[in-house]
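Structure file coords-v5.pdb with PDB, C-alpha atoms and all ligand atoms:
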ATOM      1  CA  MET A   1       4.954  -0.984 -26.372  1.00  0.00           C
ATOM      2  CA  ASP A   2       8.574  -2.073 -26.519  1.00  0.00           C
ATOM      3  CA  ASP A   3      10.936  -1.992 -23.570  1.00  0.00           C
ATOM      4  CA  GLU A   4      12.689   1.156 -24.653  1.00  0.00           C
ATOM      5  CA  ASN A   5       9.457   3.152 -24.855  1.00  0.00           C
ATOM      6  CA  LEU A   6       8.348   1.778 -21.515  1.00  0.00           C
ATOM      7  CA  ARG A   7      11.616   2.819 -19.958  1.00  0.00           C
ATOM      8  CA  ILE A   8      11.266   6.355 -21.296  1.00  0.00           C
ATOM      9  CA  LEU A   9       7.665   6.582 -20.113  1.00  0.00           C
ATOM     10  CA  TYR A  10       8.735   5.326 -16.696  1.00  0.00           C
ATOM     11  CA  GLN A  11      11.375   8.031 -16.406  1.00  0.00           C
ATOM     12  CA  GLU A  12       8.973  10.725 -17.542  1.00  0.00           C
ATOM     13  CA  MET A  13       6.313   9.646 -15.047  1.00  0.00           C
ATOM     14  CA  ILE A  14       8.804   9.638 -12.174  1.00  0.00           C
ATOM     15  CA  LEU A  15      10.147  13.032 -13.160  1.00  0.00           C
ATOM     16  CA  ASP A  16       6.711  14.539 -13.645  1.00  0.00           C
ATOM     17  CA  HIS A  17       5.158  13.241 -10.422  1.00  0.00           C
ATOM     18  CA  GLY A  18       8.414  13.677  -8.493  1.00  0.00           C
ATOM     19  CA  ARG A  19       8.681  17.314  -9.559  1.00  0.00           C
ATOM     20  CA  SER A  20       5.035  18.221  -9.081  1.00  0.00           C
ATOM     21  CA  PRO A  21       3.375  15.600  -6.899  1.00  0.00           C
ATOM     22  CA  ARG A  22      -0.441  15.464  -6.978  1.00  0.00           C
ATOM     23  CA  HIS A  23      -2.425  15.576  -3.756  1.00  0.00           C
ATOM     24  CA  PHE A  24       0.532  17.234  -2.006  1.00  0.00           C
ATOM     25  CA  HIS A  25      -1.130  19.048   0.895  1.00  0.00           C
ATOM     26  CA  GLN A  26      -2.883  18.285   4.145  1.00  0.00           C
ATOM     27  CA  ILE A  27      -6.631  17.770   4.052  1.00  0.00           C
ATOM     28  CA  ASP A  28      -8.435  19.432   6.950  1.00  0.00           C
ATOM     29  CA  ASP A  29     -11.096  16.844   7.623  1.00  0.00           C
ATOM     30  CA  TYR A  30      -9.045  13.665   7.428  1.00  0.00           C
ATOM     31  CA  THR A  31     -10.228  10.625   9.381  1.00  0.00           C
ATOM     32  CA  CYS A  32      -6.813   8.981   9.593  1.00  0.00           C
ATOM     33  CA  SER A  33      -3.229  10.058   9.226  1.00  0.00           C
ATOM     34  CA  LEU A  34       0.028   8.157   9.511  1.00  0.00           C
ATOM     35  CA  GLU A  35       3.739   8.775   9.038  1.00  0.00           C
ATOM     36  CA  GLY A  36       5.986   6.544   6.994  1.00  0.00           C
ATOM     37  CA  PHE A  37       9.774   6.513   6.971  1.00  0.00           C
ATOM     38  CA  ASN A  38      12.319   4.761   4.790  1.00  0.00           C
ATOM     39  CA  PRO A  39      15.620   5.181   6.670  1.00  0.00           C
ATOM     40  CA  LEU A  40      17.651   3.564   3.881  1.00  0.00           C
ATOM     41  CA  CYS A  41      16.974   6.518   1.606  1.00  0.00           C
ATOM     42  CA  GLY A  42      15.669   9.154   4.018  1.00  0.00           C
ATOM     43  CA  ASP A  43      12.170   9.288   2.501  1.00  0.00           C
ATOM     44  CA  LYS A  44       9.563  10.566   4.924  1.00  0.00           C
ATOM     45  CA  ILE A  45       5.872  11.019   4.240  1.00  0.00           C
ATOM     46  CA  THR A  46       2.707  11.748   6.167  1.00  0.00           C
ATOM     47  CA  LEU A  47      -0.452  10.376   4.666  1.00  0.00           C
ATOM     48  CA  TYR A  48      -3.918  11.842   5.210  1.00  0.00           C
ATOM     49  CA  LEU A  49      -7.086   9.956   4.334  1.00  0.00           C
ATOM     50  CA  LYS A  50     -10.720  10.834   4.618  1.00  0.00           C
ATOM     51  CA  VAL A  51     -12.652   7.573   4.662  1.00  0.00           C
ATOM     52  CA  ASP A  52     -16.440   7.908   4.685  1.00  0.00           C
ATOM     53  CA  LYS A  53     -18.908   5.751   6.613  1.00  0.00           C
ATOM     54  CA  ASP A  54     -19.178   3.297   3.709  1.00  0.00           C
ATOM     55  CA  GLY A  55     -15.422   2.701   3.709  1.00  0.00           C
ATOM     56  CA  ILE A  56     -14.802   4.762   0.572  1.00  0.00           C
ATOM     57  CA  ILE A  57     -11.608   6.819   0.427  1.00  0.00           C
ATOM     58  CA  ASP A  58     -13.218  10.150  -0.252  1.00  0.00           C
ATOM     59  CA  LYS A  59     -10.031  12.227  -0.161  1.00  0.00           C
ATOM     60  CA  ALA A  60      -6.362  11.373   0.146  1.00  0.00           C
ATOM     61  CA  SER A  61      -3.245  13.500   0.369  1.00  0.00           C
ATOM     62  CA  PHE A  62       0.341  13.457   1.559  1.00  0.00           C
ATOM     63  CA  GLN A  63       3.187  15.671   2.610  1.00  0.00           C
ATOM     64  CA  GLY A  64       6.836  14.944   3.099  1.00  0.00           C
ATOM     65  CA  HIS A  65      10.153  14.790   1.375  1.00  0.00           C
ATOM     66  CA  GLY A  66      12.377  12.237  -0.216  1.00  0.00           C
ATOM     67  CA  CYS A  67      13.688  10.984  -3.510  1.00  0.00           C
ATOM     68  CA  ALA A  68      11.773  11.337  -6.767  1.00  0.00           C
ATOM     69  CA  ILE A  69      10.654   7.699  -6.691  1.00  0.00           C
ATOM     70  CA  SER A  70       9.082   7.958  -3.225  1.00  0.00           C
ATOM     71  CA  GLN A  71       7.340  11.200  -4.162  1.00  0.00           C
ATOM     72  CA  ALA A  72       6.163   9.911  -7.525  1.00  0.00           C
ATOM     73  CA  SER A  73       4.962   6.647  -6.040  1.00  0.00           C
ATOM     74  CA  SER A  74       2.992   8.472  -3.306  1.00  0.00           C
ATOM     75  CA  SER A  75       1.484  10.837  -5.840  1.00  0.00           C
ATOM     76  CA  MET A  76       0.481   8.059  -8.234  1.00  0.00           C
ATOM     77  CA  MET A  77      -0.872   5.898  -5.435  1.00  0.00           C
ATOM     78  CA  LEU A  78      -3.132   8.680  -4.200  1.00  0.00           C
ATOM     79  CA  GLU A  79      -4.440   9.290  -7.706  1.00  0.00           C
ATOM     80  CA  ALA A  80      -5.247   5.600  -7.998  1.00  0.00           C
ATOM     81  CA  ILE A  81      -6.930   5.026  -4.635  1.00  0.00           C
ATOM     82  CA  THR A  82      -9.081   8.146  -4.375  1.00  0.00           C
ATOM     83  CA  ARG A  83     -12.741   7.039  -4.522  1.00  0.00           C
ATOM     84  CA  MET A  84     -11.851   3.376  -4.014  1.00  0.00           C
ATOM     85  CA  ASN A  85     -13.144   1.472  -1.036  1.00  0.00           C
ATOM     86  CA  LYS A  86     -10.673   0.196   1.559  1.00  0.00           C
ATOM     87  CA  LYS A  87     -10.781  -3.356   0.283  1.00  0.00           C
ATOM     88  CA  GLU A  88     -10.023  -2.326  -3.304  1.00  0.00           C
ATOM     89  CA  ALA A  89      -7.130  -0.141  -2.160  1.00  0.00           C
ATOM     90  CA  LEU A  90      -5.593  -2.975  -0.124  1.00  0.00           C
ATOM     91  CA  GLU A  91      -6.064  -5.348  -3.044  1.00  0.00           C
ATOM     92  CA  LEU A  92      -4.241  -2.882  -5.289  1.00  0.00           C
ATOM     93  CA  PHE A  93      -1.387  -2.748  -2.776  1.00  0.00           C
ATOM     94  CA  LYS A  94      -1.031  -6.532  -2.958  1.00  0.00           C
ATOM     95  CA  HIS A  95      -0.604  -6.367  -6.724  1.00  0.00           C
ATOM     96  CA  PHE A  96       1.738  -3.384  -6.578  1.00  0.00           C
ATOM     97  CA  ARG A  97       3.955  -5.114  -4.018  1.00  0.00           C
ATOM     98  CA  ALA A  98       3.949  -8.307  -6.069  1.00  0.00           C
ATOM     99  CA  MET A  99       5.049  -6.317  -9.120  1.00  0.00           C
ATOM    100  CA  CYS A 100       7.972  -4.753  -7.210  1.00  0.00           C
ATOM    101  CA  LEU A 101       9.021  -8.180  -5.929  1.00  0.00           C
ATOM    102  CA  SER A 102       8.846  -9.739  -9.419  1.00  0.00           C
ATOM    103  CA  GLN A 103       5.943 -11.954  -8.381  1.00  0.00           C
ATOM    104  CA  GLU A 104       2.720 -12.554 -10.273  1.00  0.00           C
ATOM    105  CA  TYR A 105       0.309  -9.661 -10.427  1.00  0.00           C
ATOM    106  CA  ASP A 106      -2.570  -8.296 -12.484  1.00  0.00           C
ATOM    107  CA  LYS A 107      -1.236  -5.725 -14.917  1.00  0.00           C
ATOM    108  CA  ASN A 108      -4.676  -4.423 -15.920  1.00  0.00           C
ATOM    109  CA  LEU A 109      -5.640  -3.809 -12.335  1.00  0.00           C
ATOM    110  CA  LEU A 110      -2.569  -1.645 -11.775  1.00  0.00           C
ATOM    111  CA  GLY A 111      -3.168   0.573 -14.807  1.00  0.00           C
ATOM    112  CA  LYS A 112      -0.707   3.487 -14.829  1.00  0.00           C
ATOM    113  CA  LEU A 113       0.985   2.225 -11.669  1.00  0.00           C
ATOM    114  CA  HIS A 114       2.422  -0.484 -13.827  1.00  0.00           C
ATOM    115  CA  LEU A 115       4.890   2.093 -15.146  1.00  0.00           C
ATOM    116  CA  LEU A 116       6.702   1.855 -11.805  1.00  0.00           C
ATOM    117  CA  GLU A 117       7.651  -1.724 -12.630  1.00  0.00           C
ATOM    118  CA  GLY A 118      11.072  -0.363 -13.580  1.00  0.00           C
ATOM    119  CA  VAL A 119      12.036  -0.116  -9.891  1.00  0.00           C
ATOM    120  CA  LYS A 120      12.395  -3.857  -9.595  1.00  0.00           C
ATOM    121  CA  ALA A 121      15.667  -3.573 -11.494  1.00  0.00           C
ATOM    122  CA  PHE A 122      16.943  -1.454  -8.573  1.00  0.00           C
ATOM    123  CA  PRO A 123      16.423  -3.459  -5.366  1.00  0.00           C
ATOM    124  CA  SER A 124      17.560  -0.560  -3.175  1.00  0.00           C
ATOM    125  CA  ARG A 125      14.752   1.612  -4.565  1.00  0.00           C
ATOM    126  CA  ILE A 126      11.906  -0.838  -4.031  1.00  0.00           C
ATOM    127  CA  LYS A 127      11.361   0.490  -0.513  1.00  0.00           C
ATOM    128  CA  CYS A 128      11.137   4.005  -1.926  1.00  0.00           C
ATOM    129  CA  ALA A 129       8.314   2.828  -4.191  1.00  0.00           C
ATOM    130  CA  THR A 130       6.441   0.824  -1.568  1.00  0.00           C
ATOM    131  CA  LEU A 131       6.778   3.263   1.369  1.00  0.00           C
ATOM    132  CA  ALA A 132       3.530   5.086   0.569  1.00  0.00           C
ATOM    133  CA  TRP A 133       1.710   1.770   0.187  1.00  0.00           C
ATOM    134  CA  HIS A 134       2.900   0.367   3.504  1.00  0.00           C
ATOM    135  CA  THR A 135       1.852   3.629   5.126  1.00  0.00           C
ATOM    136  CA  LEU A 136      -1.535   3.374   3.421  1.00  0.00           C
ATOM    137  CA  GLU A 137      -2.021  -0.145   4.700  1.00  0.00           C
ATOM    138  CA  GLY A 138      -1.204   0.954   8.260  1.00  0.00           C
ATOM    139  CA  CYS A 139      -3.495   3.933   7.947  1.00  0.00           C
ATOM    140  CA  LEU A 140      -6.424   1.854   6.658  1.00  0.00           C
ATOM    141  CA  HIS A 141      -5.941  -0.538   9.532  1.00  0.00           C
ATOM    142  CA  ASN A 142      -6.140   2.451  11.870  1.00  0.00           C
ATOM    143  CA  GLY A 143      -2.559   2.071  12.965  1.00  0.00           C
ATOM    144  CA  GLU A 144      -1.038   4.850  15.027  1.00  0.00           C
ATOM    145  CA  LYS A 145       2.549   3.702  15.130  1.00  0.00           C
ATOM    146  CA  PRO A 146       4.618   5.319  12.356  1.00  0.00           C
ATOM    147  CA  ILE A 147       5.551   2.893   9.592  1.00  0.00           C
ATOM    148  CA  THR A 148       9.175   2.190   8.887  1.00  0.00           C
ATOM    149  CA  THR A 149      10.531   0.062   6.078  1.00  0.00           C
ATOM    150  CA  GLU A 150      13.266  -1.227   8.418  1.00  0.00           C
ATOM    151  CA  GLU A 151      11.868  -3.243  11.300  1.00  0.00           C
TER
HETATM  152 ZN    ZN A 201      13.887   6.993  -1.780  1.00  0.00          ZN
END

How does the structure come out when it is put into structure tokens?
Amino acid sequence: MDDENLRILYQEMILDHGRSPRHFHQIDDYTCSLEGFNPLCGDKITLYLKVDKDGIIDKASFQGHGCAISQASSSMMLEAITRMNKKEALELFKHFRAMCLSQEYDKNLLGKLHLLEGVKAFPSRIKCATLAWHTLEGCLHNGEKPITTEE
């Protein structure tokens, strides 16, 4: 695919997921939940995960508000990590973060998430894209303190 097509696909994905995010609700039987906040943009999400006894993310959802990128990134992340085990999800986060920071990462591993690569051209939006992931990491580590992108 050439750059122009990738750019168009990127915009369509953001618009689609931003407008109608998947997994946008609260699951009743979650085993962990955590809030994440990106004060630079005003994005705020609450993540809900149901992790089973084998460490598999059985269900995942979020609620919150913010810009289209934060919503789309949360939505796409939850699609990707549902049914993964904790270790796989954290591994995916490492690659996603590396992509946003223009470091080396495994494109195949990221699959559709790779379409969010476009954010790296907009440094101020990188935190919008990684907010859900930082919140996920905190949640999987059983953190209780809300995550903020500005420490
Ligand atoms: Zn944002």

If the PyMOL selection byres (((chain A and resi 17) around 10) and not hetatm) were run on this exact file, what residues would it hold? Put them as a PyMOL selection string. chain A and resi 12-16+18-22+68-76

Which chains and residue numbers are within 7 Å of ligand ZN 201 (chain A), counting only C-alpha atoms and all ligand atoms, if I want them as a list in words? Cys41, Gly42, Asp43, Gly66, Cys67, Ala68, Ile69, Ser70, Arg125 and Cys128 of chain A

Pull C-alpha atoms from the residues just selected and write them as a compact mmCIF listing (two decimals), in the coordinates of the input.
# COMPACT_ATOMS: atom_id res chain seq x y z
CA CYS A 41 16.97 6.52 1.61
CA GLY A 42 15.67 9.15 4.02
CA ASP A 43 12.17 9.29 2.50
CA GLY A 66 12.38 12.24 -0.22
CA CYS A 67 13.69 10.98 -3.51
CA ALA A 68 11.77 11.34 -6.77
CA ILE A 69 10.65 7.70 -6.69
CA SER A 70 9.08 7.96 -3.22
CA ARG A 125 14.75 1.61 -4.57
CA CYS A 128 11.14 4.00 -1.93

Show me, as a CSV table (one decimal) with C-alpha atoms, in the coordinates of the input, the residues that have an atom within 8 Å of A:Ile57 when counting all atoms listed in the file, minus same-chain residues fewer than 3 positions from it.
chain,number,residue,atom,x,y,z
A,49,LEU,CA,-7.1,10.0,4.3
A,50,LYS,CA,-10.7,10.8,4.6
A,51,VAL,CA,-12.7,7.6,4.7
A,52,ASP,CA,-16.4,7.9,4.7
A,60,ALA,CA,-6.4,11.4,0.1
A,81,ILE,CA,-6.9,5.0,-4.6
A,82,THR,CA,-9.1,8.1,-4.4
A,83,ARG,CA,-12.7,7.0,-4.5
A,84,MET,CA,-11.9,3.4,-4.0
A,85,ASN,CA,-13.1,1.5,-1.0
A,86,LYS,CA,-10.7,0.2,1.6

Give me the box for stretch 65-71 of chain A as AutoDock Vina command-line options, namely the centre and edge lengths in Å to one decimal of a box along x, y and z that holds every listed atom plus 6 Å on each side.
--center_x 10.5 --center_y 11.2 --center_z -2.7 --size_x 18.3 --size_y 19.1 --size_z 20.1

Carefully work through the PyMOL selection byres (((chain A and resi 62) around 7) and not hetatm) for this structure and note down the residues it includes, as an mmCIF file with C-alpha atoms, keeping the file's coordinate frame.
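File produced: part-v7.cif:
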data_model
loop_
_atom_site.group_PDB
_atom_site.id
_atom_site.type_symbol
_atom_site.label_atom_id
_atom_site.label_comp_id
_atom_site.auth_asym_id
_atom_site.auth_seq_id
_atom_site.Cartn_x
_atom_site.Cartn_y
_atom_site.Cartn_z
ATOM 1 C CA HIS A 23 -2.425 15.576 -3.756
ATOM 2 C CA PHE A 24 0.532 17.234 -2.006
ATOM 3 C CA HIS A 25 -1.130 19.048 0.895
ATOM 4 C CA GLN A 26 -2.883 18.285 4.145
ATOM 5 C CA ILE A 45 5.872 11.019 4.240
ATOM 6 C CA THR A 46 2.707 11.748 6.167
ATOM 7 C CA LEU A 47 -0.452 10.376 4.666
ATOM 8 C CA TYR A 48 -3.918 11.842 5.210
ATOM 9 C CA SER A 61 -3.245 13.500 0.369
ATOM 10 C CA GLN A 63 3.187 15.671 2.610
ATOM 11 C CA GLY A 64 6.836 14.944 3.099
#

In terms of the shortest atom-to-atom distance over all atoms listed in the file, which of A:Ala89, A:Ile56, A:Ile126, A:Met99 is closest to A:Leu40?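 Of A:Ala89, A:Ile56, A:Ile126, A:Met99, the one nearest A:Leu40, counting all atoms listed in the file, is A:Ile126.
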
Atom-to-atom span, atom CA of A:Phe93 and atom CA of A:Thr148, Å: 16.5 Å

Report, in Å to a single decimal, how far apart atom CA of A:Ala132 and atom CA of A:Asp2 are. 28.5 Å

With the PyMOL selection byres (((chain A and resi 114-122) around 7) and not hetatm) as the selection, what would be picked from this file? Answer as a list in words, please.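 So the PyMOL selection byres (((chain A and resi 114-122) around 7) and not hetatm), applied here, picks out Tyr10, Met99, Cys100, Leu101, Ser102, Lys107, Leu110, Gly111, Lys112, Leu113, Pro123, Ser124, Arg125 and Ile126 of chain A.
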
Export of prior selection with C-alpha atoms as an mmCIF file, in the coordinates of the input:
data_model
loop_
_atom_site.group_PDB
_atom_site.id
_atom_site.type_symbol
_atom_site.label_atom_id
_atom_site.label_comp_id
_atom_site.auth_asym_id
_atom_site.auth_seq_id
_atom_site.Cartn_x
_atom_site.Cartn_y
_atom_site.Cartn_z
ATOM 1 C CA TYR A 10 8.735 5.326 -16.696
ATOM 2 C CA MET A 99 5.049 -6.317 -9.120
ATOM 3 C CA CYS A 100 7.972 -4.753 -7.210
ATOM 4 C CA LEU A 101 9.021 -8.180 -5.929
ATOM 5 C CA SER A 102 8.846 -9.739 -9.419
ATOM 6 C CA LYS A 107 -1.236 -5.725 -14.917
ATOM 7 C CA LEU A 110 -2.569 -1.645 -11.775
ATOM 8 C CA GLY A 111 -3.168 0.573 -14.807
ATOM 9 C CA LYS A 112 -0.707 3.487 -14.829
ATOM 10 C CA LEU A 113 0.985 2.225 -11.669
ATOM 11 C CA PRO A 123 16.423 -3.459 -5.366
ATOM 12 C CA SER A 124 17.560 -0.560 -3.175
ATOM 13 C CA ARG A 125 14.752 1.612 -4.565
ATOM 14 C CA ILE A 126 11.906 -0.838 -4.031
#

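Non-sequential neighbours of stretch 137-142 of chain A (distance at most 7 Å, separation of 6 or more positions within a chain, only C-alpha atoms) are Cys32, Ser33, Leu34, Lys86 and Leu90 of chain A.
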
note - atom CA of A:Ile147 and atom CA of A:Gln11 are separated by 27.1 Å
